[in-house]
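Data first, discussion second: the structure below is written as structure tokens.
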Amino acid sequence: MKKVILTAVFAFATLTTFATTEVNSVETQNVVLQEEFKELPVEELPSAVQEAVKKDFKDAKIQKAFVNESKEFKLELIVGGATQTVYADANGNWLKKE
């Protein structure tokens, strides 16, 4: 009778350990998609984007400009001595990026 009980306990412990190991072996992977922006001379920005900066950021100067394959523009502005990054489409509409 002791052998049957010990065998049952041993089998239970083995199965519990195996089940715990299986749960712990699951790995998660975070993938961050990054958009590839390439630097663009400020003079080559579409006029709509330049006008939007003049209209909405009156004292701003465009320090750097970048463009991606979707024709979205990343602009680094100097506003009152501080650097600010904004995004716009080719029509001068502001985009919200995080």
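In the structure tokens, chains take the letters A, B, ... in the order shown, each chain's residues start at 1, and ligands count up from 1 in the order shown.
Taking only C-alpha atoms, the non-local environment of A:Ile62 within 7 Å (same-chain residues fewer than 5 positions away omitted) comprises Leu75, Glu76, Leu77 and Ile78 of chain A.
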Could you write those residues out with C-alpha atoms, as a PDB file, in the first residue's frame?
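Output below, filename selection-v7.pdb:
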```pdb
ATOM      1  CA  LEU A  75      10.906  68.076 -39.055  1.00  0.00           C
ATOM      2  CA  GLU A  76      13.233  69.174 -36.292  1.00  0.00           C
ATOM      3  CA  LEU A  77      12.313  72.756 -35.449  1.00  0.00           C
ATOM      4  CA  ILE A  78      14.036  75.289 -33.245  1.00  0.00           C
TER       5      ILE A  78
END
```
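Across the model, the gap from atom CA of A:Glu44 to atom CA of A:Leu95 is 19.3 Å.
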Inset, instruction - Have a look at atom CA of A:Phe57 and atom CA of A:Val86 and let me know their distance in Å, one decimal. - result: 10.6 Å
Legend entry - Straight-line distance linking atom CA of A:Glu36 with atom CA of A:Val53, stated in Å to one decimal: 22.3 Å
Inset, instruction - Would you kindly return, as a PyMOL selection string, each protein, DNA or RNA residue with an atom no farther than 9 Å from any atom of stretch 47-50 of chain A, considering only C-alpha atoms and excluding same-chain residues fewer than 6 positions away? - result: chain A and resi 62+73+88-94
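In this comparison, which uses only C-alpha atoms, the residue of A:Thr85, A:Phe37, A:Val79, A:Lys97 approaching A:Ala60 most closely is A:Val79.
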Inset, instruction - Using only C-alpha atoms, find the one residue out of A:Lys58, A:Glu51, A:Lys96, A:Lys64 that sits nearest to A:Gly80. - result: A:Lys58
Legend entry - DSSP-assigned helix (DSSP H, G or I) members of stretch 44-90 of chain A, reported as number ranges by chain: A: 44, 47-56
